[in-house]
file final.cif (mmCIF, C-alpha atoms)
data_entry
#
loop_
_atom_site.label_atom_id
_atom_site.label_comp_id
_atom_site.auth_asym_id
_atom_site.auth_seq_id
_atom_site.Cartn_x
_atom_site.Cartn_y
_atom_site.Cartn_z
CA MET A 1 -24.66 -2.37 -39.52
CA SER A 2 -27.81 -1.84 -41.54
CA GLY A 3 -30.82 -3.43 -39.92
CA THR A 4 -29.31 -3.62 -36.42
CA SER A 5 -30.72 -2.14 -33.25
CA GLY A 6 -27.49 -2.00 -31.28
CA THR A 7 -24.19 -0.18 -31.51
CA PRO A 8 -20.85 -1.07 -33.08
CA TYR A 9 -19.96 -2.56 -29.70
CA ALA A 10 -23.08 -4.75 -29.41
CA PRO A 11 -23.97 -5.58 -33.03
CA HIS A 12 -27.14 -7.62 -32.57
CA THR A 13 -29.97 -7.50 -35.07
CA ASP A 14 -33.53 -7.00 -33.87
CA GLU A 15 -34.16 -10.69 -34.51
CA GLU A 16 -31.14 -11.78 -32.47
CA THR A 17 -32.12 -9.52 -29.59
CA ALA A 18 -35.69 -10.82 -29.62
CA ALA A 19 -34.47 -14.42 -29.66
CA MET A 20 -32.21 -13.89 -26.64
CA LEU A 21 -34.92 -12.09 -24.68
CA SER A 22 -37.39 -14.86 -25.50
CA ALA A 23 -34.93 -17.53 -24.34
CA ILE A 24 -34.64 -15.95 -20.89
CA GLY A 25 -38.25 -14.89 -20.61
CA ALA A 26 -37.73 -11.11 -20.64
CA GLU A 27 -39.92 -8.65 -22.53
CA ASP A 28 -37.19 -6.11 -23.25
CA GLU A 29 -33.66 -5.09 -22.25
CA GLU A 30 -34.90 -2.89 -19.39
CA ALA A 31 -36.39 -5.95 -17.73
CA LEU A 32 -32.83 -7.27 -17.23
CA PHE A 33 -32.09 -4.53 -14.69
CA ASP A 34 -33.69 -3.88 -11.31
CA ILE A 35 -32.97 -0.21 -10.68
CA PRO A 36 -34.96 1.52 -7.91
CA ASP A 37 -36.94 4.51 -9.13
CA ASP A 38 -35.26 6.90 -6.71
CA VAL A 39 -31.85 6.29 -8.29
CA ALA A 40 -32.89 5.61 -11.88
CA PHE A 41 -31.74 8.18 -14.43
CA ASP A 42 -34.66 10.32 -15.54
CA GLY A 43 -32.82 12.05 -18.37
CA ASP A 44 -31.65 15.04 -16.34
CA LEU A 45 -28.37 15.03 -14.40
CA GLY A 46 -29.34 18.17 -12.50
CA ILE A 47 -25.95 19.78 -13.15
CA GLU A 48 -26.22 23.25 -14.57
CA PRO A 49 -23.51 24.19 -17.08
CA ARG A 50 -21.00 26.66 -15.69
CA THR A 51 -17.85 28.36 -16.85
CA GLU A 52 -14.38 27.26 -15.75
CA ARG A 53 -14.13 30.34 -13.53
CA GLU A 54 -17.44 29.56 -11.82
CA ILE A 55 -16.43 25.95 -11.22
CA ARG A 56 -13.10 27.04 -9.73
CA ALA A 57 -14.89 29.42 -7.40
CA GLU A 58 -17.31 26.70 -6.31
CA CYS A 59 -14.49 24.25 -5.63
CA SER A 60 -12.65 26.87 -3.60
CA ARG A 61 -15.73 27.38 -1.45
CA ILE A 62 -16.09 23.63 -0.90
CA PHE A 63 -12.41 23.12 -0.07
CA GLY A 64 -12.55 26.09 2.25
CA ARG A 65 -14.88 24.12 4.51
CA ASN A 66 -12.12 21.60 5.30
CA ASP A 67 -10.61 21.73 8.76
CA ASP A 68 -7.19 23.37 8.83
CA LEU A 69 -5.38 20.68 10.82
CA THR A 70 -1.73 19.73 11.14
CA GLU A 71 -1.78 15.95 10.84
CA PHE A 72 0.38 13.78 13.08
CA LEU A 73 -1.21 10.70 11.53
CA GLY A 74 0.49 7.52 10.35
CA ARG A 75 -0.38 3.81 10.70
CA GLY A 76 0.56 2.97 7.13
CA HIS A 77 0.13 6.33 5.41
CA TYR A 78 3.15 8.63 5.59
CA GLY A 79 3.86 12.01 4.14
CA HIS A 80 7.35 13.26 3.30
CA TYR A 81 8.36 16.37 1.41
CA VAL A 82 8.23 15.68 -2.34
CA PRO A 83 10.82 17.73 -4.27
CA SER A 84 9.33 19.83 -7.08
CA VAL A 85 11.49 18.03 -9.63
CA VAL A 86 9.28 14.98 -9.12
CA ASP A 87 6.26 16.92 -10.36
CA HIS A 88 8.13 18.57 -13.22
CA LEU A 89 9.56 15.33 -14.61
CA SER A 90 6.58 13.05 -14.02
CA ASP A 91 4.20 15.60 -15.57
CA ARG A 92 5.93 15.37 -18.93
CA ALA A 93 3.48 14.37 -21.65
CA GLU A 94 5.30 11.18 -22.59
CA PHE A 95 4.74 9.90 -19.04
CA LEU A 96 1.23 11.22 -18.40
CA THR A 97 -0.17 9.95 -21.70
CA SER A 98 1.51 6.55 -21.55
CA TYR A 99 -0.57 3.41 -21.14
CA THR A 100 0.81 0.01 -20.19
CA GLN A 101 4.16 -0.42 -21.89
CA TYR A 102 3.16 -3.33 -24.11
CA GLN A 103 5.17 -2.07 -27.08
CA PRO A 104 8.83 -1.77 -26.08
CA GLU A 105 9.81 -0.12 -29.37
CA ILE A 106 7.95 3.04 -28.31
CA SER A 107 8.26 2.78 -24.50
CA GLN A 108 11.98 2.53 -23.76
CA GLY A 109 12.11 5.62 -21.53
CA PHE A 110 9.25 4.56 -19.30
CA LEU A 111 10.38 0.93 -19.23
CA GLN A 112 13.84 2.00 -18.10
CA ALA A 113 12.34 4.15 -15.33
CA LEU A 114 10.31 1.17 -14.09
CA PHE A 115 13.40 -1.03 -14.30
CA GLU A 116 15.22 1.47 -12.09
CA TYR A 117 12.29 1.44 -9.65
CA GLN A 118 12.48 -2.36 -9.44
CA SER A 119 16.26 -2.14 -8.98
CA MET A 120 15.73 0.24 -6.06
CA LEU A 121 13.47 -2.32 -4.36
CA VAL A 122 16.02 -5.07 -4.98
CA GLU A 123 18.74 -3.00 -3.29
CA LEU A 124 16.53 -2.11 -0.33
CA THR A 125 15.22 -5.62 0.30
CA GLY A 126 18.19 -7.75 -0.75
CA LEU A 127 15.81 -9.99 -2.69
CA PRO A 128 16.57 -10.52 -6.40
CA VAL A 129 13.09 -10.05 -7.89
CA ALA A 130 10.80 -7.02 -7.56
CA ASN A 131 7.76 -6.01 -9.60
CA CYS A 132 6.09 -2.69 -10.38
CA SER A 133 2.41 -3.53 -10.24
CA MET A 134 0.89 -3.52 -6.75
CA TYR A 135 -2.04 -1.30 -5.81
CA ASP A 136 -0.95 -0.87 -2.18
CA ALA A 137 0.48 -2.74 0.82
CA ALA A 138 -2.80 -4.49 1.59
CA THR A 139 -3.24 -6.01 -1.87
CA ALA A 140 0.45 -6.94 -1.93
CA LEU A 141 -0.10 -8.86 1.32
CA GLY A 142 -3.13 -10.58 -0.16
CA GLU A 143 -1.11 -11.58 -3.22
CA ALA A 144 1.61 -12.97 -0.95
CA ALA A 145 -0.95 -15.17 0.80
CA THR A 146 -2.27 -16.64 -2.44
CA LEU A 147 1.31 -17.14 -3.64
CA ALA A 148 2.06 -19.05 -0.43
CA ASP A 149 -0.96 -21.24 -1.04
CA ARG A 150 0.32 -22.09 -4.52
CA VAL A 151 3.98 -22.73 -3.82
CA ARG A 152 4.23 -24.28 -0.35
CA SER A 153 4.25 -28.07 -0.13
CA THR A 154 2.59 -28.02 3.29
CA SER A 155 -1.07 -29.02 3.33
CA GLY A 156 -1.84 -26.20 5.73
CA ASP A 157 -4.33 -23.40 5.17
CA THR A 158 -3.54 -21.00 8.03
CA VAL A 159 -2.03 -17.55 7.58
CA LEU A 160 -0.54 -16.13 10.79
CA VAL A 161 -0.56 -12.33 11.20
CA PRO A 162 0.23 -9.96 14.11
CA GLU A 163 -2.73 -9.36 16.39
CA GLN A 164 -2.16 -5.61 16.03
CA LEU A 165 -2.40 -5.68 12.22
CA ARG A 166 -4.15 -2.57 10.89
CA GLU A 167 -7.84 -3.35 10.40
CA GLY A 168 -8.09 -2.21 6.79
CA LYS A 169 -5.10 -4.33 5.78
CA ARG A 170 -6.57 -7.37 7.50
CA GLU A 171 -9.90 -6.88 5.72
CA VAL A 172 -8.24 -6.86 2.30
CA LEU A 173 -6.21 -9.93 3.25
CA ALA A 174 -9.44 -11.64 4.34
CA ASN A 175 -10.96 -11.03 0.90
CA TYR A 176 -8.00 -12.73 -0.76
CA CYS A 177 -7.95 -15.61 1.73
CA ALA A 178 -11.67 -16.27 1.34
CA GLY A 179 -11.18 -17.01 -2.34
CA ALA A 180 -8.28 -19.36 -1.64
CA ASP A 181 -9.95 -21.09 1.34
CA LEU A 182 -7.25 -19.85 3.69
CA ALA A 183 -7.83 -19.05 7.36
CA ILE A 184 -6.34 -15.99 9.06
CA GLU A 185 -5.21 -16.34 12.66
CA PRO A 186 -3.55 -13.65 14.82
CA TYR A 187 -0.49 -14.33 16.94
CA PRO A 188 0.26 -12.38 20.14
CA MET A 189 2.37 -9.25 20.41
CA ALA A 190 4.64 -8.45 23.37
CA ASP A 191 5.36 -4.78 24.06
CA GLY A 192 4.69 -3.77 20.47
CA ASN A 193 6.71 -6.57 18.86
CA ALA A 194 5.99 -10.16 17.89
CA ASP A 195 5.78 -12.54 20.84
CA VAL A 196 8.26 -15.01 19.37
CA ASP A 197 7.80 -17.59 22.14
CA ALA A 198 4.03 -17.66 21.64
CA LEU A 199 4.53 -17.78 17.88
CA ALA A 200 6.87 -20.77 18.26
CA GLU A 201 4.13 -22.65 20.09
CA ARG A 202 1.63 -21.89 17.33
CA VAL A 203 3.62 -22.48 14.13
CA GLY A 204 3.03 -25.98 12.79
CA ASP A 205 2.25 -28.04 9.72
CA ASP A 206 -1.08 -26.29 9.27
CA VAL A 207 0.61 -22.88 8.71
CA VAL A 208 1.24 -21.82 5.12
CA MET A 209 2.45 -18.26 5.77
CA VAL A 210 3.82 -16.16 8.65
CA TYR A 211 3.56 -12.40 8.30
CA ALA A 212 5.49 -9.84 10.34
CA GLU A 213 6.00 -6.09 10.02
CA ASN A 214 9.06 -3.91 10.53
CA PRO A 215 8.28 -1.31 11.72
CA THR A 216 5.09 -2.60 13.29
CA VAL A 217 1.78 -0.79 13.05
CA ARG A 218 2.72 1.11 16.22
CA GLY A 219 6.04 2.21 14.77
CA CYS A 220 8.17 -0.24 16.77
CA ILE A 221 11.30 -1.74 15.22
CA GLU A 222 10.92 -5.52 15.26
CA GLU A 223 13.92 -6.96 17.13
CA ARG A 224 13.73 -10.72 16.46
CA LEU A 225 12.95 -10.99 12.78
CA ALA A 226 15.54 -13.70 12.17
CA ALA A 227 13.88 -15.84 14.82
CA VAL A 228 10.49 -15.35 13.15
CA GLY A 229 12.05 -16.32 9.81
CA ASP A 230 13.55 -19.47 11.32
CA LEU A 231 10.17 -20.52 12.73
CA ALA A 232 8.54 -20.09 9.34
CA ALA A 233 11.32 -22.01 7.58
CA ASP A 234 11.13 -24.90 10.05
CA ALA A 235 7.41 -25.21 9.31
CA ASP A 236 7.97 -24.88 5.54
CA ALA A 237 5.79 -21.77 5.65
CA LEU A 238 6.37 -18.63 3.60
CA PHE A 239 7.91 -15.81 5.64
CA VAL A 240 6.44 -12.50 4.45
CA LEU A 241 7.76 -9.22 5.81
CA GLY A 242 5.95 -5.88 5.59
CA SER A 243 7.80 -2.55 5.51
CA ASP A 244 8.14 0.68 3.49
CA VAL A 245 10.82 2.10 1.23
CA VAL A 246 12.06 4.76 3.65
CA SER A 247 12.30 2.49 6.70
CA LEU A 248 14.12 -0.16 4.67
CA ALA A 249 17.00 2.28 4.21
CA VAL A 250 18.09 1.78 7.83
CA LEU A 251 16.42 -1.42 9.07
CA GLU A 252 17.71 -4.97 8.80
CA GLU A 253 17.83 -6.14 5.20
CA PRO A 254 14.84 -8.49 4.76
CA ALA A 255 16.90 -11.07 2.85
CA SER A 256 19.31 -11.33 5.79
CA VAL A 257 16.55 -12.42 8.18
CA GLY A 258 15.13 -15.07 5.87
CA ALA A 259 12.24 -13.18 4.27
CA ASP A 260 10.83 -15.02 1.25
CA VAL A 261 8.64 -12.09 0.21
CA VAL A 262 8.65 -8.40 1.12
CA VAL A 263 5.47 -6.36 0.76
CA GLY A 264 4.55 -2.86 1.84
CA GLU A 265 4.23 0.71 0.65
CA ALA A 266 6.41 2.78 -1.65
CA ASP A 267 4.07 5.80 -1.55
CA ALA A 268 6.22 7.40 1.16
CA LEU A 269 8.31 8.53 -1.82
CA GLY A 270 6.93 10.58 -4.68
CA LEU A 271 3.36 11.00 -3.44
CA PRO A 272 1.70 13.35 -0.98
CA THR A 273 -0.29 11.66 1.75
CA ALA A 274 -3.57 10.59 0.17
CA TYR A 275 -5.10 8.18 2.71
CA GLY A 276 -6.18 5.69 0.07
CA MET A 277 -3.94 6.20 -2.94
CA GLY A 278 -0.97 3.89 -2.50
CA LEU A 279 1.87 2.15 -4.28
CA GLY A 280 2.49 -1.39 -3.14
CA ILE A 281 5.84 -3.15 -3.23
CA PHE A 282 6.41 -6.83 -3.88
CA ALA A 283 9.85 -8.44 -3.85
CA CYS A 284 10.73 -12.10 -3.54
CA SER A 285 13.37 -14.76 -4.02
CA ASP A 286 14.24 -16.27 -7.42
CA GLU A 287 12.30 -19.46 -6.84
CA PHE A 288 9.01 -17.55 -7.03
CA LEU A 289 9.91 -15.63 -10.19
CA ARG A 290 7.09 -17.05 -12.30
CA GLN A 291 4.58 -16.68 -9.48
CA VAL A 292 5.08 -12.93 -9.05
CA PRO A 293 1.81 -11.01 -9.52
CA GLY A 294 1.59 -8.16 -11.98
CA ARG A 295 4.49 -7.30 -14.26
CA LEU A 296 8.26 -7.43 -14.36
CA VAL A 297 10.37 -5.15 -16.53
CA GLY A 298 13.56 -6.80 -17.73
CA ALA A 299 16.74 -5.70 -19.48
CA SER A 300 17.68 -7.33 -22.76
CA GLU A 301 19.28 -6.43 -26.11
CA ASP A 302 17.69 -5.14 -29.28
CA ALA A 303 18.49 -6.31 -32.80
CA GLY A 304 21.46 -3.95 -32.89
CA GLY A 305 22.98 -5.38 -29.74
CA ASP A 306 22.14 -2.34 -27.63
CA ARG A 307 20.64 -2.58 -24.14
CA ALA A 308 16.86 -2.48 -24.26
CA PHE A 309 13.96 -2.94 -21.84
CA THR A 310 10.76 -4.93 -22.16
CA LEU A 311 7.95 -6.43 -20.10
CA THR A 312 9.64 -9.74 -19.36
CA LEU A 313 6.83 -11.26 -17.35
CA GLN A 314 3.10 -10.54 -17.26
CA THR A 315 1.29 -13.01 -15.04
CA ARG A 316 -2.16 -11.66 -15.78
CA GLU A 317 -3.25 -9.43 -18.59
CA GLN A 318 -6.43 -8.78 -20.50
CA HIS A 319 -4.83 -9.95 -23.72
CA ILE A 320 -2.99 -13.11 -22.63
CA ARG A 321 -3.24 -16.27 -20.53
CA LYS A 322 -6.27 -15.38 -18.42
CA GLU A 323 -6.92 -19.07 -17.80
CA ARG A 324 -3.41 -19.54 -16.35
CA ALA A 325 -3.18 -16.28 -14.42
CA THR A 326 -1.57 -16.29 -10.98
CA SER A 327 -3.10 -12.93 -10.07
CA ASN A 328 -6.00 -10.64 -10.85
CA ILE A 329 -3.79 -7.56 -10.51
CA CYS A 330 -3.98 -5.78 -13.86
CA THR A 331 -2.56 -2.32 -13.21
CA ASN A 332 1.07 -1.43 -13.58
CA GLN A 333 0.96 1.60 -11.23
CA ALA A 334 3.56 2.95 -13.64
CA TRP A 335 3.17 6.67 -13.05
CA VAL A 336 3.30 6.49 -9.26
CA ALA A 337 6.22 4.04 -9.45
CA LEU A 338 7.94 6.55 -11.72
CA ARG A 339 7.44 9.28 -9.11
CA ALA A 340 8.87 7.06 -6.38
CA ALA A 341 11.90 6.27 -8.53
CA ILE A 342 12.51 9.96 -9.28
CA HIS A 343 12.20 10.88 -5.60
CA ALA A 344 14.62 8.10 -4.61
CA ALA A 345 17.09 9.20 -7.29
CA VAL A 346 16.91 12.82 -6.11
CA LEU A 347 17.61 11.78 -2.51
CA GLY A 348 20.31 9.31 -3.45
CA PRO A 349 21.45 6.54 -1.07
CA ASP A 350 22.81 8.96 1.55
CA GLY A 351 19.75 11.20 1.40
CA LEU A 352 17.40 8.25 1.82
CA VAL A 353 19.34 7.05 4.86
CA ASP A 354 19.35 10.56 6.32
CA LEU A 355 15.57 10.80 5.88
CA ALA A 356 15.04 7.45 7.59
CA ASN A 357 17.37 8.38 10.46
CA ASP A 358 15.47 11.63 10.93
CA CYS A 359 12.29 9.55 11.30
CA VAL A 360 13.95 7.64 14.15
CA ARG A 361 15.46 10.67 15.91
CA GLU A 362 12.45 12.96 15.63
CA SER A 363 9.98 10.37 16.91
CA ALA A 364 12.25 9.63 19.90
CA ALA A 365 12.64 13.33 20.70
CA LEU A 366 8.89 14.03 20.48
CA ALA A 367 8.01 10.99 22.57
CA ASP A 368 10.45 12.11 25.25
CA ARG A 369 8.86 15.56 25.41
CA ILE A 370 5.31 14.20 25.64
CA ASP A 371 6.45 11.72 28.27
CA GLY A 372 7.50 14.67 30.42
CA LEU A 373 3.90 15.87 30.69
CA ASN A 374 1.66 14.90 33.61
CA GLY A 375 -0.99 12.41 32.56
CA ALA A 376 0.88 11.01 29.54
CA VAL A 377 3.35 8.17 28.97
CA ALA A 378 5.32 7.96 25.72
CA PRO A 379 6.40 5.83 24.08
CA VAL A 380 4.20 3.10 25.54
CA HIS A 381 6.44 0.38 24.13
CA ASP A 382 10.05 0.20 25.30
CA ARG A 383 11.39 -0.06 21.74
CA HIS A 384 13.10 2.00 19.10
CA HIS A 385 10.57 3.58 16.75
CA VAL A 386 10.35 4.83 13.18
CA ARG A 387 8.17 7.93 12.70
CA GLU A 388 5.41 7.02 15.14
CA PHE A 389 4.78 5.85 18.68
CA ALA A 390 1.92 5.16 21.07
CA VAL A 391 0.98 7.52 23.90
CA ARG A 392 -0.94 6.37 26.97
CA VAL A 393 -3.12 9.07 28.54
CA ASP A 394 -4.93 9.03 31.87
CA GLN A 395 -8.03 10.66 30.42
CA PRO A 396 -10.16 9.06 27.65
CA ALA A 397 -8.11 9.06 24.46
CA ALA A 398 -11.05 10.09 22.26
CA ALA A 399 -11.64 13.19 24.39
CA ILE A 400 -7.95 14.13 24.25
CA ALA A 401 -7.93 13.70 20.46
CA GLU A 402 -11.04 15.85 20.16
CA ASP A 403 -9.46 18.59 22.26
CA LEU A 404 -6.25 18.39 20.20
CA GLU A 405 -8.35 18.74 17.05
CA ALA A 406 -9.84 21.92 18.46
CA GLU A 407 -6.26 23.15 18.90
CA GLY A 408 -5.50 22.33 15.25
CA PHE A 409 -3.88 18.88 15.46
CA ALA A 410 -4.95 15.41 14.34
CA VAL A 411 -3.72 12.20 16.01
CA HIS A 412 -4.92 8.60 15.96
CA VAL A 413 -7.12 7.10 18.67
CA VAL A 414 -6.03 3.47 19.15
CA ASP A 415 -8.09 2.42 22.16
CA GLU A 416 -9.73 3.87 25.28
CA HIS A 417 -6.52 5.34 26.70
CA LEU A 418 -4.10 5.02 23.79
CA LEU A 419 -3.20 7.60 21.14
CA GLN A 420 -0.69 7.32 18.33
CA VAL A 421 1.46 10.17 17.03
CA CYS A 422 3.48 10.21 13.80
CA VAL A 423 6.19 12.77 13.01
CA THR A 424 7.94 13.29 9.67
CA ASP A 425 9.79 16.11 7.95
CA LEU A 426 6.40 17.58 6.93
CA ASN A 427 5.12 18.25 10.44
CA ALA A 428 8.34 18.29 12.49
CA ALA A 429 8.36 22.10 12.54
CA ARG A 430 5.12 22.05 14.55
CA THR A 431 6.16 19.64 17.29
CA ASP A 432 6.61 22.52 19.77
CA ASP A 433 3.01 23.55 19.15
CA LEU A 434 1.81 19.95 19.47
CA VAL A 435 3.56 19.51 22.82
CA ALA A 436 2.05 22.78 24.04
CA ALA A 437 -1.40 21.60 22.91
CA PHE A 438 -0.91 18.25 24.68
CA GLU A 439 0.05 20.08 27.88
CA GLU A 440 -3.03 22.26 27.56
CA VAL A 441 -5.59 19.50 26.98
CA ILE A 442 -4.32 16.92 29.49
#
call {"tool": "encode", "arguments": {"input": "final.cif", "output": "structure tokens"}}
result
Amino acid sequence: MSGTSGTPYAPHTDEETAAMLSAIGAEDEEALFDIPDDVAFDGDLGIEPRTEREIRAECSRIFGRNDDLTEFLGRGHYGHYVPSVVDHLSDRAEFLTSYTQYQPEISQGFLQALFEYQSMLVELTGLPVANCSMYDAATALGEAATLADRVRSTSGDTVLVPEQLREGKREVLANYCAGADLAIEPYPMADGNADVDALAERVGDDVVMVYAENPTVRGCIEERLAAVGDLAADADALFVLGSDVVSLAVLEEPASVGADVVVGEADALGLPTAYGMGLGIFACSDEFLRQVPGRLVGASEDAGGDRAFTLTLQTREQHIRKERATSNICTNQAWVALRAAIHAAVLGPDGLVDLANDCVRESAALADRIDGLNGAVAPVHDRHHVREFAVRVDQPAAAIAEDLEAEGFAVHVVDEHLLQVCVTDLNAARTDDLVAAFEEVI
């Protein structure tokens, strides 16, 4: 490196650097960047060094300013009790220090755990292929749209989604669709579920994908999924179904209603509610095996004939086939997938079903109690619900939510007179207090 002005990572000689700057008409490297003076680094970070004890004290003071609220929030982010064994096992050094499992000879334990996670998704969805690489439900939906654009023979470019699709999920989908020149169009909802008759009038040759959710964004159980699947199949459009790993334990099996792809969230298992940190699921039929985004862990045999695990498929990686990639997803979400798999294993099939059934029973019971209050109607939609339901209030919903917050509770404001309440095993013990607060503020 003698005679160079750069670093081992940018080994250009002074002559090479001068030649490149001359070719683009820049005087020096700083001229390549337009950084406003008020944000430019002046050589001082302004962070005084402190001891660990001082930093802990400062963080405690900052966290102490947070509101002490019991959250009855949902709409895609759900909190369930995470057994301590999940922390103890997933915090083992061999899991925490692991990177992507490129080398199967040193990653058998982690690869097997991911294989079990995929197997769990296969059992829950009824579809034969599941990956372990999605950021969250929104990116999984975006990947499904671009997959539909690649595999469907129709010349269409329209993606149909429920009109009540959560805004953040729609925005992520729009980013994906913009790059693939796909158009997003909402279809009507009827009493919290898909308006199948209106959808039938809309589905045609121009539609490449139909997306439905079960439960819907308002917690309603979708009652005519098979009919939606038939409409998509008749139009040669991909039928994509959104759900979550807990709800799937008791709802119709996606494969049985014609779903080509299942997307959604697995973070209801293994993770505390983070409102941003997720774990997306992606399962599909065999015909799309080589179009699956991310990674697939497969079971094989080693040289000794023993069962072994390896990354069977990697559709986009930094080190291979960038030019032929089907996806830009390049994380394996391995550690959070591991936590979900551990949580599912701890619950077991019966425990997972019991948890899902509790989500149905507790939401129905809470809605019935709120419905008994003057000035409130719950649930708004005459459907069965999982975890959450809409509440119509006579007074402005934002004012009711603000008053509930003052009483120590957080709920969603959906529109001018509509709230949404979500109950799980984490907040079920405080439903009496929530009902009392509702009665007080309305």
call {"tool": "closest_residue", "arguments": {"input": "final.cif", "among": "A:Val240, A:Leu352, A:Val263, A:Ala345", "to": "A:Val85", "atoms": "only C-alpha atoms"}}
result
A:Ala345
call {"tool": "residues_around", "arguments": {"input": "final.cif", "residues": "A:Tyr117", "least_positions_apart": "6", "cutoff": "9 Å", "atoms": "only C-alpha atoms", "output": "JSON, numbers by chain"}}
result
{"A": [130, 131, 132, 337, 338, 340, 341, 342, 344]}
call {"tool": "write_last_selection", "arguments": {"input": "final.cif", "atoms": "C-alpha atoms", "output": "PDB file, in the coordinates of the input"}}
result
ATOM      1  CA  ALA A 130      10.800  -7.020  -7.560  1.00  0.00           C
ATOM      2  CA  ASN A 131       7.760  -6.010  -9.600  1.00  0.00           C
ATOM      3  CA  CYS A 132       6.090  -2.690 -10.380  1.00  0.00           C
ATOM      4  CA  ALA A 337       6.220   4.040  -9.450  1.00  0.00           C
ATOM      5  CA  LEU A 338       7.940   6.550 -11.720  1.00  0.00           C
ATOM      6  CA  ALA A 340       8.870   7.060  -6.380  1.00  0.00           C
ATOM      7  CA  ALA A 341      11.900   6.270  -8.530  1.00  0.00           C
ATOM      8  CA  ILE A 342      12.510   9.960  -9.280  1.00  0.00           C
ATOM      9  CA  ALA A 344      14.620   8.100  -4.610  1.00  0.00           C
TER      10      ALA A 344
END
call {"tool": "resolve_selection", "arguments": {"input": "final.cif", "expression": "the PyMOL selection byres ((chain A and resi 247) around 9)", "output": "list in words"}}
result
Asn214, Pro215, Ser243, Asp244, Val245, Val246, Leu248, Ala249, Val250, Leu251, Val353, Leu355, Ala356, Asn357, Cys359 and Val386 of chain A
call {"tool": "closest_residue", "arguments": {"input": "final.cif", "among": "A:His80, A:Arg295, A:His88, A:Arg430", "to": "A:Leu347", "atoms": "all atoms listed in the file"}}
result
A:His80
call {"tool": "closest_residue", "arguments": {"input": "final.cif", "among": "A:Val441, A:Leu121, A:Leu127, A:Ala428", "to": "A:Glu362", "atoms": "only C-alpha atoms"}}
result
A:Ala428
call {"tool": "residues_near_point", "arguments": {"input": "final.cif", "point": "(-0.1, 12.8, 15.9)", "cutoff": "6 Å", "atoms": "all atoms listed in the file", "output": "list in words"}}
result
Phe72, Leu73, Ala410, Val411, Val421 and Cys422 of chain A
call {"tool": "residues_near_point", "arguments": {"input": "final.cif", "point": "(0.8, 2.3, -11.5)", "cutoff": "8 Å", "atoms": "only C-alpha atoms", "output": "ChimeraX atom specification"}}
result
/A:132-135,279,331-337
call {"tool": "write_last_selection", "arguments": {"input": "final.cif", "atoms": "C-alpha atoms", "output": "PDB file, keeping the file's coordinate frame"}}
result
ATOM      1  CA  CYS A 132       6.090  -2.690 -10.380  1.00  0.00           C
ATOM      2  CA  SER A 133       2.410  -3.530 -10.240  1.00  0.00           C
ATOM      3  CA  MET A 134       0.890  -3.520  -6.750  1.00  0.00           C
ATOM      4  CA  TYR A 135      -2.040  -1.300  -5.810  1.00  0.00           C
ATOM      5  CA  LEU A 279       1.870   2.150  -4.280  1.00  0.00           C
ATOM      6  CA  THR A 331      -2.560  -2.320 -13.210  1.00  0.00           C
ATOM      7  CA  ASN A 332       1.070  -1.430 -13.580  1.00  0.00           C
ATOM      8  CA  GLN A 333       0.960   1.600 -11.230  1.00  0.00           C
ATOM      9  CA  ALA A 334       3.560   2.950 -13.640  1.00  0.00           C
ATOM     10  CA  TRP A 335       3.170   6.670 -13.050  1.00  0.00           C
ATOM     11  CA  VAL A 336       3.300   6.490  -9.260  1.00  0.00           C
ATOM     12  CA  ALA A 337       6.220   4.040  -9.450  1.00  0.00           C
TER      13      ALA A 337
END
call {"tool": "resolve_selection", "arguments": {"input": "final.cif", "expression": "the PyMOL selection byres ((chain A and resi 369) around 12)", "output": "mmCIF file with C-alpha atoms, in the frame of the given file"}}
result
data_model
loop_
_atom_site.group_PDB
_atom_site.id
_atom_site.type_symbol
_atom_site.label_atom_id
_atom_site.label_comp_id
_atom_site.auth_asym_id
_atom_site.auth_seq_id
_atom_site.Cartn_x
_atom_site.Cartn_y
_atom_site.Cartn_z
ATOM 1 C CA GLU A 362 12.450 12.960 15.630
ATOM 2 C CA SER A 363 9.980 10.370 16.910
ATOM 3 C CA ALA A 364 12.250 9.630 19.900
ATOM 4 C CA ALA A 365 12.640 13.330 20.700
ATOM 5 C CA LEU A 366 8.890 14.030 20.480
ATOM 6 C CA ALA A 367 8.010 10.990 22.570
ATOM 7 C CA ASP A 368 10.450 12.110 25.250
ATOM 8 C CA ILE A 370 5.310 14.200 25.640
ATOM 9 C CA ASP A 371 6.450 11.720 28.270
ATOM 10 C CA GLY A 372 7.500 14.670 30.420
ATOM 11 C CA LEU A 373 3.900 15.870 30.690
ATOM 12 C CA ASN A 374 1.660 14.900 33.610
ATOM 13 C CA ALA A 376 0.880 11.010 29.540
ATOM 14 C CA VAL A 377 3.350 8.170 28.970
ATOM 15 C CA ALA A 378 5.320 7.960 25.720
ATOM 16 C CA PRO A 379 6.400 5.830 24.080
ATOM 17 C CA VAL A 391 0.980 7.520 23.900
ATOM 18 C CA THR A 431 6.160 19.640 17.290
ATOM 19 C CA ASP A 432 6.610 22.520 19.770
ATOM 20 C CA ASP A 433 3.010 23.550 19.150
ATOM 21 C CA LEU A 434 1.810 19.950 19.470
ATOM 22 C CA VAL A 435 3.560 19.510 22.820
ATOM 23 C CA ALA A 436 2.050 22.780 24.040
ATOM 24 C CA PHE A 438 -0.910 18.250 24.680
ATOM 25 C CA GLU A 439 0.050 20.080 27.880
#
call {"tool": "resolve_selection", "arguments": {"input": "final.cif", "expression": "the PyMOL selection byres ((chain A and resi 418) around 7)", "output": "NGL selection string"}}
result
:A and (390-393 or 397 or 413-417 or 419-420)
call {"tool": "closest_residue", "arguments": {"input": "final.cif", "among": "A:Leu45, A:Val257, A:Val208, A:Leu114", "to": "A:Ala237", "atoms": "all atoms listed in the file"}}
result
A:Val208
